[in-house]
Amino acid sequence: MLDVQDLHTHYGRAHILQGISLQVAPGEVLVLLGRNGAGKSTTLKSLIGLVRPTAGRIRFGTEYITGHEPHAIARAGLGYVPEERRIFTDLTVMENLEVGRLPPRPGLPAWTPERLFALFPNLGEMRTRLGGRMSGGEQQMLAIARTLMGNPRLILLDEPSEGLAPIIVEQMAHAITAMKRQGVTILLAEQNLHFATNIADRAAAIERGRIVWTGTIPALHADPALRDTLFGA
Amino acid sequence: MLSTLLVQLLTGLSGASSLFLVSAGLTVIFGVTRVVNFSHGSLYMLGAYTGWSILSRLPREPLPFILGVLLTVAALALLGALLERLLLRRIYAAPELLQLLFTFGVVLVVQDATQAIWGPNDLPLPRGRWLRSFVEIGDARVPLYDLILIAIGPAVLAALWLLLTRTRWGTLIRAATQDREMVAALGVDQKRLFTSVFALGAGLAGLAGALSLPDGSANLQMDLSIITDAFVVVVVGGLGSVPGAFLASILIGVLQAFGIVVLPQATLVLVFVIMAAVLVVRPNGLLGRPQAIRENPASTTLIRPAEPALRWLGLAALILAAAAPLFVGPFLLSVLTEMAVAMLFAAALHFMMGPGGMASFGHAAWFGLGAYAAALAVKGLALPMTAGLLIAPLLAGTAAALFGWFVVRLSGVYLAMLTLAFAQIVWAVMFQAVDLTGGDNGILGVWPAQWATDRLVFYWLTLALCTAATLVLRTILYAPFGYALRGARDSELRAAAIGLDATRLRHAAFTIAGAAAGLAGSLAAFSKGSVFPGFIAISRSVDALLMVLLGGVQSMAGPIVGAIAYTGLFDLLLLATDQWRAVLGLSIIVLVLAFPQGIAGTAHRLWLRGKEA
Ligand SMILES: Nc1ncnc2c1ncn2[C@@H]1O[C@H](COP(=O)(O)OP(=O)(O)O)[C@@H](O)[C@H]1O
Ligand SMILES: [Mg+2]
């Protein structure tokens, strides 16, 4: 569904992504694992078009989206939930959802606020609350719900568990699994190994802007040396 | 007594309505696109002219009037959308200062185009009887039209509010005002949003322009006179906030109406004091939010002393400049004098703008203050020229120190808009204080002292003073003060960590720059033999900016080269055509489109690329 070939991205003169290649199959959850500063967020931003890759190709479905504008990429069916959540703090929950709304896609049931509130019950109880008046966990849920309103075929989630209390992280894992069951393909960037391996099917490890390992979650668990190089001190 | 008060209040409120219509568009456009749109005043002016063309052909009855106004609104909305799609769209990524400059280029072009289409004369609208009627309130007679205007302000506010909160389009606008990148990542095409926002803003400006006709006329001054007030309103209300713009319009409108009765000369100063007071208490305006800090591209470049080769070149140029008058005629001599003055003027702006990181859009204020100080010293107080040349930088520096205390606490657009507003206020004070300054007629007969009346001697004097002052600026720049100033510009936090007080450094730089510009102004006064409000006009501030940008901010040589090149080109332009506004405006537009990162920034990037290759 998503095929990334040899993606390079620069910030100014700093060469951040140095040839990222990865594939995401329809219906799967792929987790991009890596330390702080490894290039996870930059990868997702390059995919959605917020930063312009300097080389490489991105195919989404049958379409090449390399270098396209973010809005065009989003309309093609790629959803993006940023690490900082970027909730519209002056807008209510319902208005935040409205900003994310895009026409339904053939073959997929359209997301409605009601369906989203079933997925994130907390949100349903605060429809008129301003985004700025919500807790970090609620904002994270709203950020995901807002992106789902665009009926994406694939959603890019940047560290959804970051800075959240363990119980909220658990809820988040449930919601993401439920999303997956409803047919959304997911590319997840994470540092939280436990959270990630609970919900992902496959993992890709990123280090200093390069994919250094790809495999299934059991394979990852079976390789403690790899886990140490990725997350050890 | 009470009834006069009431009438004055109502006059103020009706003025506030027009101001709000213009400011609301400006603030919404800024909120979404982050462009400070100078040309918004031009749309207001075009609204008045278009409205005049339509309304003067219609019967003078209420219904045709309403219809004609609505037609004007539609025409201006279309024009605004066109302006956005053809021009402004291309500069969204450019640095703020270039955006401001770019839209000023549009202002110049529109001025000449308007004059070409509608002629130079004011166009008053013949008013039907209903437009001249009064309403009795108690024992006061209030013009009916004032009451209509007063009602339109809140009505438009309510309509805008409904639009912004009850429609998807409005929700998108509010979201984009906060985080337009995120809005794009959610699948919203910003370009269409921006175009529609421009259309809305231009329509409102057109509405205000058309509605201004019954109380005045369509004239060529209305673009810049409204935009200054609108800038003040938008800043006081908080950039991007429509309700803030409404509150601030009322505040400023009522204040102006009462000021004119109580103390006409002090009104503008009062407006400024109010604005300063609001911003000291609430740095983001009444209802504004903190602005995200944009990286200042000028600030990423180092300023280094000139290479030895360049120094020799400078010395050679100076000797040549000193010897030149022996070979050239009187016209070229006056051009050379102008160049010397321009060099100091530009170097002063560069001083605060490059190393200080404060891009002023009102640098002419200090130039003009210096010129008027010198002129008044010799004409009013009968002091010798040398005293005038001494008083000018002192007075300009003192004024800069007073105003600077407040302005150096701001940055970016706020700083640019406030320096502009301040310069406009100085302009208006000089324009209005007829007893002291002769108003529009200026002060004539400001001639140099006996020993310097010879054009040649005066040129040498100017060259010597300007070169000396520029060298002083340069010396300060490479003294510890200059390095500290640049350190504070590049990182206020880091500067604070090593014990530098960024605000005080900036304040000192601002004051020095003001004094230097004041000296330049006084020399210009003696050279021309007269002083006019034009010395403080926005276009003169823009001249200085163009000189600095033309030469580049990276080095001290930049503003000097820029000043000489610009003065030469501009004088040629004046000789060649009387459509200099259109030509200058078009040149600005083309330059910014060609070098969206600034000429210097582009050169710098090319240089980097060359080094990498
Ligand atoms: N806007 C930026 N400008 C310059 N460098 C950046 C920017 N954003 C991130 N970086 C750098 O790029 C590298 C990768 O960052 P990022 O993709 O955010 O990593 P991760 O999400 O894996 O923590 C880091 O070294 C970071 O410092
Ligand atoms: Mg990250």
# chains A, B, ... in the order shown; residues from 1 in each chain; ligands from 1

call {"tool": "residues_near_ligand", "arguments": {"ligand": "ligand 2", "cutoff": "10 Å", "atoms": "only C-alpha atoms and all ligand atoms", "output": "PyMOL selection string"}}
result
chain A and resi 34-45+82-84+158-159+162+189-191

call {"tool": "select_by_dssp", "arguments": {"residues": "stretch 126-185 of chain A", "states": "strand (DSSP E)", "output": "list of chain:residue names"}}
result
A:Leu154, A:Ile155, A:Leu156, A:Leu157, A:Asp158, A:Thr185

call {"tool": "closest_atom_pairs", "arguments": {"of": "chain A", "to": "chain B", "cutoff": "7 Å", "atoms": "only C-alpha atoms", "output": "CSV"}}
result
residue,atom,partner,partner_atom,distance
A:Ile48,CA,B:Ala185,CA,6.9
A:Pro70,CA,B:Ala185,CA,5.1
A:His71,CA,B:Gly187,CA,3.8
A:Ala72,CA,B:Gly187,CA,6.4
A:Ala74,CA,B:Gly187,CA,4.7
A:Arg75,CA,B:Gly187,CA,5.2
A:Tyr80,CA,B:Ala185,CA,6.8
A:Arg86,CA,B:Met182,CA,7.0
A:Phe88,CA,B:Ala175,CA,5.9
A:Glu95,CA,B:Thr171,CA,6.7
A:Val99,CA,B:Leu172,CA,6.0
A:Gly100,CA,B:Leu186,CA,5.4
A:Thr147,CA,B:Leu186,CA,6.6

call {"tool": "residues_around", "arguments": {"residues": "stretch 31-44 of chain B", "least_positions_apart": "2", "cutoff": "7 Å", "atoms": "only C-alpha atoms", "output": "ChimeraX atom specification"}}
result
/B:26-29,46-48,99-100,103-104,106-107,110,173,176-177,194,202,205-206,208-209,223-224,226-227,239-240

call {"tool": "residues_around", "arguments": {"residues": "A:Ile186", "least_positions_apart": "2", "cutoff": "7 Å", "atoms": "only C-alpha atoms", "output": "JSON, numbers by chain"}}
result
{"A": [28, 29, 30, 154, 155, 156, 184, 188]}

call {"tool": "residues_around", "arguments": {"residues": "A:Gly27", "least_positions_apart": "3", "cutoff": "12 Å", "atoms": "only C-alpha atoms", "output": "number ranges by chain"}}
result
A: 1-2, 24, 30, 153-155, 177-187, 200-202

call {"tool": "select_by_dssp", "arguments": {"residues": "stretch 9-121 of chain A", "states": "helix (DSSP H, G or I)", "output": "count of residues only"}}
result
31

call {"tool": "residues_around", "arguments": {"residues": "stretch 336-351 of chain B", "least_positions_apart": "3", "cutoff": "8 Å", "atoms": "only C-alpha atoms", "output": "JSON list (two decimals) with N, CA, C and O atoms, in the first residue's frame"}}
result
[["chain", "number", "residue", "atom", "x", "y", "z"],
["B", 321, "ALA", "N", 35.26, 60.64, -4.82],
["B", 321, "ALA", "CA", 34.07, 61.41, -4.50],
["B", 321, "ALA", "C", 34.44, 62.83, -4.12],
["B", 321, "ALA", "O", 33.76, 63.79, -4.46],
["B", 332, "LEU", "N", 25.00, 67.20, -11.31],
["B", 332, "LEU", "CA", 25.64, 66.02, -10.76],
["B", 332, "LEU", "C", 26.16, 66.29, -9.35],
["B", 332, "LEU", "O", 26.18, 65.40, -8.50],
["B", 333, "LEU", "N", 26.52, 67.54, -9.09],
["B", 333, "LEU", "CA", 26.98, 67.88, -7.74],
["B", 333, "LEU", "C", 25.86, 67.67, -6.73],
["B", 333, "LEU", "O", 26.06, 67.14, -5.63],
["B", 354, "GLY", "N", 20.61, 45.32, 10.51],
["B", 354, "GLY", "CA", 21.51, 44.17, 10.35],
["B", 354, "GLY", "C", 21.96, 43.64, 11.69],
["B", 354, "GLY", "O", 21.44, 42.64, 12.19],
["B", 355, "PRO", "N", 22.90, 44.34, 12.31],
["B", 355, "PRO", "CA", 23.41, 43.84, 13.59],
["B", 355, "PRO", "C", 22.36, 43.88, 14.70],
["B", 355, "PRO", "O", 22.36, 43.01, 15.57],
["B", 356, "GLY", "N", 21.45, 44.85, 14.65],
["B", 356, "GLY", "CA", 20.47, 44.97, 15.73],
["B", 356, "GLY", "C", 19.26, 44.08, 15.53],
["B", 356, "GLY", "O", 18.51, 43.83, 16.46],
["B", 359, "ALA", "N", 14.12, 45.64, 11.99],
["B", 359, "ALA", "CA", 13.83, 46.20, 10.68],
["B", 359, "ALA", "C", 12.77, 47.28, 10.84],
["B", 359, "ALA", "O", 11.62, 46.99, 11.09],
["B", 360, "SER", "N", 13.18, 48.51, 10.70],
["B", 360, "SER", "CA", 12.26, 49.62, 10.88],
["B", 360, "SER", "C", 11.59, 49.98, 9.56],
["B", 360, "SER", "O", 12.24, 50.01, 8.52],
["B", 363, "HIS", "N", 11.97, 54.64, 9.26],
["B", 363, "HIS", "CA", 13.25, 55.27, 9.53],
["B", 363, "HIS", "C", 13.24, 56.75, 9.17],
["B", 363, "HIS", "O", 14.04, 57.54, 9.67],
["B", 367, "PHE", "N", 15.06, 60.96, 10.27],
["B", 367, "PHE", "CA", 15.56, 61.83, 9.21],
["B", 367, "PHE", "C", 14.77, 63.14, 9.22],
["B", 367, "PHE", "O", 15.33, 64.23, 9.23],
["B", 459, "TYR", "N", 29.10, 70.60, -0.38],
["B", 459, "TYR", "CA", 29.24, 69.19, -0.72],
["B", 459, "TYR", "C", 30.36, 68.54, 0.08],
["B", 459, "TYR", "O", 30.21, 67.46, 0.63],
["B", 462, "THR", "N", 29.28, 68.03, 3.57],
["B", 462, "THR", "CA", 28.36, 66.90, 3.67],
["B", 462, "THR", "C", 29.12, 65.58, 3.57],
["B", 462, "THR", "O", 28.92, 64.66, 4.38],
["B", 463, "LEU", "N", 29.99, 65.52, 2.58],
["B", 463, "LEU", "CA", 30.76, 64.29, 2.39],
["B", 463, "LEU", "C", 31.58, 63.97, 3.64],
["B", 463, "LEU", "O", 31.60, 62.82, 4.12],
["B", 466, "CYS", "N", 29.15, 62.97, 6.60],
["B", 466, "CYS", "CA", 28.49, 61.67, 6.38],
["B", 466, "CYS", "C", 29.51, 60.54, 6.46],
["B", 466, "CYS", "O", 29.24, 59.49, 7.04],
["B", 467, "THR", "N", 30.67, 60.75, 5.85],
["B", 467, "THR", "CA", 31.69, 59.71, 5.91],
["B", 467, "THR", "C", 32.13, 59.50, 7.36],
["B", 467, "THR", "O", 32.24, 58.36, 7.83],
["B", 469, "ALA", "N", 30.48, 60.12, 10.14],
["B", 469, "ALA", "CA", 29.43, 59.48, 10.93],
["B", 469, "ALA", "C", 29.30, 58.00, 10.57],
["B", 469, "ALA", "O", 29.13, 57.15, 11.44],
["B", 470, "THR", "N", 29.42, 57.69, 9.27],
["B", 470, "THR", "CA", 29.34, 56.29, 8.86],
["B", 470, "THR", "C", 30.50, 55.50, 9.45],
["B", 470, "THR", "O", 30.33, 54.36, 9.90],
["B", 473, "LEU", "N", 29.77, 54.76, 13.00],
["B", 473, "LEU", "CA", 28.85, 53.61, 13.10],
["B", 473, "LEU", "C", 29.63, 52.31, 12.92],
["B", 473, "LEU", "O", 29.42, 51.34, 13.64],
["B", 477, "LEU", "N", 30.26, 49.19, 15.49],
["B", 477, "LEU", "CA", 29.85, 47.85, 15.08],
["B", 477, "LEU", "C", 30.91, 46.80, 15.39],
["B", 477, "LEU", "O", 30.62, 45.67, 15.74],
["B", 509, "ALA", "N", 21.27, 50.85, 20.36],
["B", 509, "ALA", "CA", 21.44, 50.82, 18.91],
["B", 509, "ALA", "C", 20.37, 51.66, 18.22],
["B", 509, "ALA", "O", 20.65, 52.41, 17.28],
["B", 512, "ILE", "N", 21.24, 55.36, 18.66],
["B", 512, "ILE", "CA", 22.36, 55.77, 17.80],
["B", 512, "ILE", "C", 21.89, 55.90, 16.35],
["B", 512, "ILE", "O", 22.20, 56.87, 15.66],
["B", 513, "ALA", "N", 21.12, 54.90, 15.92],
["B", 513, "ALA", "CA", 20.64, 54.93, 14.54],
["B", 513, "ALA", "C", 19.76, 56.16, 14.31],
["B", 513, "ALA", "O", 19.84, 56.80, 13.26],
["B", 514, "GLY", "N", 18.93, 56.49, 15.29],
["B", 514, "GLY", "CA", 18.07, 57.67, 15.18],
["B", 514, "GLY", "C", 18.89, 58.94, 15.06],
["B", 514, "GLY", "O", 18.63, 59.80, 14.21],
["B", 516, "ALA", "N", 21.98, 59.27, 14.01],
["B", 516, "ALA", "CA", 22.70, 59.32, 12.73],
["B", 516, "ALA", "C", 21.76, 59.72, 11.60],
["B", 516, "ALA", "O", 22.11, 60.55, 10.75],
["B", 517, "ALA", "N", 20.55, 59.16, 11.62],
["B", 517, "ALA", "CA", 19.58, 59.53, 10.58],
["B", 517, "ALA", "C", 19.20, 61.00, 10.72],
["B", 517, "ALA", "O", 18.97, 61.70, 9.72],
["B", 520, "ALA", "N", 21.77, 63.06, 9.02],
["B", 520, "ALA", "CA", 21.54, 62.99, 7.57],
["B", 520, "ALA", "C", 20.40, 63.92, 7.17],
["B", 520, "ALA", "O", 20.50, 64.65, 6.17],
["B", 521, "GLY", "N", 19.34, 63.92, 7.97],
["B", 521, "GLY", "CA", 18.19, 64.77, 7.66],
["B", 521, "GLY", "C", 18.56, 66.24, 7.66],
["B", 521, "GLY", "O", 18.13, 67.01, 6.80],
["B", 523, "LEU", "N", 21.45, 67.62, 7.12],
["B", 523, "LEU", "CA", 22.26, 67.94, 5.94],
["B", 523, "LEU", "C", 21.39, 68.06, 4.70],
["B", 523, "LEU", "O", 21.59, 68.94, 3.86],
["B", 524, "ALA", "N", 20.40, 67.16, 4.62],
["B", 524, "ALA", "CA", 19.47, 67.22, 3.48],
["B", 524, "ALA", "C", 18.72, 68.54, 3.50],
["B", 524, "ALA", "O", 18.48, 69.16, 2.46],
["B", 527, "SER", "N", 20.96, 71.30, 2.33],
["B", 527, "SER", "CA", 21.29, 71.12, 0.93],
["B", 527, "SER", "C", 20.14, 71.55, 0.03],
["B", 527, "SER", "O", 20.33, 72.18, -1.00],
["B", 544, "ALA", "N", 15.09, 53.98, 2.27],
["B", 544, "ALA", "CA", 16.19, 53.49, 3.11],
["B", 544, "ALA", "C", 16.22, 51.97, 3.12],
["B", 544, "ALA", "O", 17.28, 51.35, 3.00],
["B", 545, "LEU", "N", 15.04, 51.37, 3.26],
["B", 545, "LEU", "CA", 14.98, 49.90, 3.26],
["B", 545, "LEU", "C", 15.51, 49.32, 1.96],
["B", 545, "LEU", "O", 16.26, 48.35, 1.95],
["B", 547, "MET", "N", 17.58, 50.68, -0.10],
["B", 547, "MET", "CA", 19.03, 50.84, -0.19],
["B", 547, "MET", "C", 19.73, 49.72, 0.57],
["B", 547, "MET", "O", 20.67, 49.10, 0.07],
["B", 548, "VAL", "N", 19.27, 49.46, 1.79],
["B", 548, "VAL", "CA", 19.93, 48.43, 2.60],
["B", 548, "VAL", "C", 19.75, 47.06, 1.96],
["B", 548, "VAL", "O", 20.70, 46.28, 1.84],
["B", 553, "VAL", "N", 22.53, 43.10, 3.79],
["B", 553, "VAL", "CA", 22.67, 43.40, 5.20],
["B", 553, "VAL", "C", 23.96, 42.85, 5.78],
["B", 553, "VAL", "O", 24.31, 43.18, 6.90],
["B", 556, "MET", "N", 29.01, 46.19, 6.16],
["B", 556, "MET", "CA", 28.86, 47.64, 6.22],
["B", 556, "MET", "C", 28.89, 48.24, 4.83],
["B", 556, "MET", "O", 28.32, 49.30, 4.59],
["B", 559, "PRO", "N", 25.00, 48.83, 2.71],
["B", 559, "PRO", "CA", 24.16, 50.02, 2.64],
["B", 559, "PRO", "C", 24.81, 51.17, 1.87],
["B", 559, "PRO", "O", 24.12, 51.96, 1.24],
["B", 560, "ILE", "N", 26.14, 51.24, 1.91],
["B", 560, "ILE", "CA", 26.83, 52.33, 1.21],
["B", 560, "ILE", "C", 26.66, 52.16, -0.29],
["B", 560, "ILE", "O", 26.22, 53.06, -1.00],
["B", 561, "VAL", "N", 26.99, 50.95, -0.75],
["B", 561, "VAL", "CA", 26.82, 50.66, -2.18],
["B", 561, "VAL", "C", 25.36, 50.82, -2.57],
["B", 561, "VAL", "O", 25.01, 51.43, -3.59],
["B", 562, "GLY", "N", 24.48, 50.28, -1.71],
["B", 562, "GLY", "CA", 23.04, 50.35, -1.99],
["B", 562, "GLY", "C", 22.57, 51.79, -2.11],
["B", 562, "GLY", "O", 21.80, 52.12, -3.00],
["B", 563, "ALA", "N", 23.02, 52.65, -1.21],
["B", 563, "ALA", "CA", 22.58, 54.04, -1.21],
["B", 563, "ALA", "C", 23.02, 54.74, -2.48],
["B", 563, "ALA", "O", 22.24, 55.47, -3.11],
["B", 564, "ILE", "N", 24.27, 54.51, -2.87],
["B", 564, "ILE", "CA", 24.78, 55.18, -4.06],
["B", 564, "ILE", "C", 24.04, 54.69, -5.31],
["B", 564, "ILE", "O", 23.56, 55.48, -6.12],
["B", 567, "THR", "N", 20.26, 55.89, -5.19],
["B", 567, "THR", "CA", 20.10, 57.32, -5.46],
["B", 567, "THR", "C", 20.32, 57.61, -6.94],
["B", 567, "THR", "O", 19.55, 58.35, -7.56],
["B", 568, "GLY", "N", 21.38, 57.01, -7.49],
["B", 568, "GLY", "CA", 21.66, 57.24, -8.89],
["B", 568, "GLY", "C", 20.53, 56.78, -9.79],
["B", 568, "GLY", "O", 20.03, 57.53, -10.63]]

call {"tool": "atom_distance", "arguments": {"atom1": "atom CA of B:Leu147", "atom2": "atom CA of B:Trp130"}}
result
12.4 Å

call {"tool": "residues_around", "arguments": {"residues": "A:Leu148", "least_positions_apart": "3", "cutoff": "9 Å", "atoms": "only C-alpha atoms", "output": "PyMOL selection string"}}
result
chain A and resi 79+97+100-101+111-112+116+143-145+151-152+155

call {"tool": "write_last_selection", "arguments": {"atoms": "N, CA and C atoms", "output": "short mmCIF file (atom, residue, chain, number, x, y, z; two decimals), in the first residue's frame"}}
result
data_model
loop_
_atom_site.label_atom_id
_atom_site.label_comp_id
_atom_site.auth_asym_id
_atom_site.auth_seq_id
_atom_site.Cartn_x
_atom_site.Cartn_y
_atom_site.Cartn_z
N GLY A 79 -3.30 9.84 6.26
CA GLY A 79 -3.60 10.68 7.43
C GLY A 79 -2.35 10.86 8.26
N LEU A 97 -12.85 18.29 14.86
CA LEU A 97 -13.20 17.18 13.98
C LEU A 97 -13.63 17.68 12.61
N GLY A 100 -10.94 18.30 10.16
CA GLY A 100 -10.35 17.10 9.56
C GLY A 100 -11.25 16.40 8.57
N ARG A 101 -12.48 16.83 8.45
CA ARG A 101 -13.44 16.08 7.64
C ARG A 101 -13.12 16.15 6.14
N TRP A 111 -16.02 7.63 8.58
CA TRP A 111 -15.98 7.96 10.01
C TRP A 111 -16.91 9.14 10.27
N THR A 112 -17.67 9.01 11.33
CA THR A 112 -18.52 10.12 11.75
C THR A 112 -18.14 10.43 13.19
N LEU A 116 -16.55 7.87 16.06
CA LEU A 116 -15.29 8.19 16.74
C LEU A 116 -15.48 8.25 18.24
N ALA A 143 -6.57 14.31 18.46
CA ALA A 143 -5.71 14.42 17.28
C ALA A 143 -5.92 13.23 16.36
N ILE A 144 -6.03 12.04 16.94
CA ILE A 144 -6.26 10.85 16.12
C ILE A 144 -7.65 10.89 15.49
N ALA A 145 -8.63 11.25 16.31
CA ALA A 145 -10.01 11.29 15.81
C ALA A 145 -10.13 12.30 14.67
N ASN A 151 -11.09 10.06 6.75
CA ASN A 151 -11.22 8.71 6.20
C ASN A 151 -9.94 8.23 5.53
N PRO A 152 -8.81 8.29 6.23
CA PRO A 152 -7.56 7.88 5.60
C PRO A 152 -7.53 6.38 5.38
N ILE A 155 -2.77 5.65 8.13
CA ILE A 155 -2.58 6.75 9.06
C ILE A 155 -1.17 6.70 9.64
#
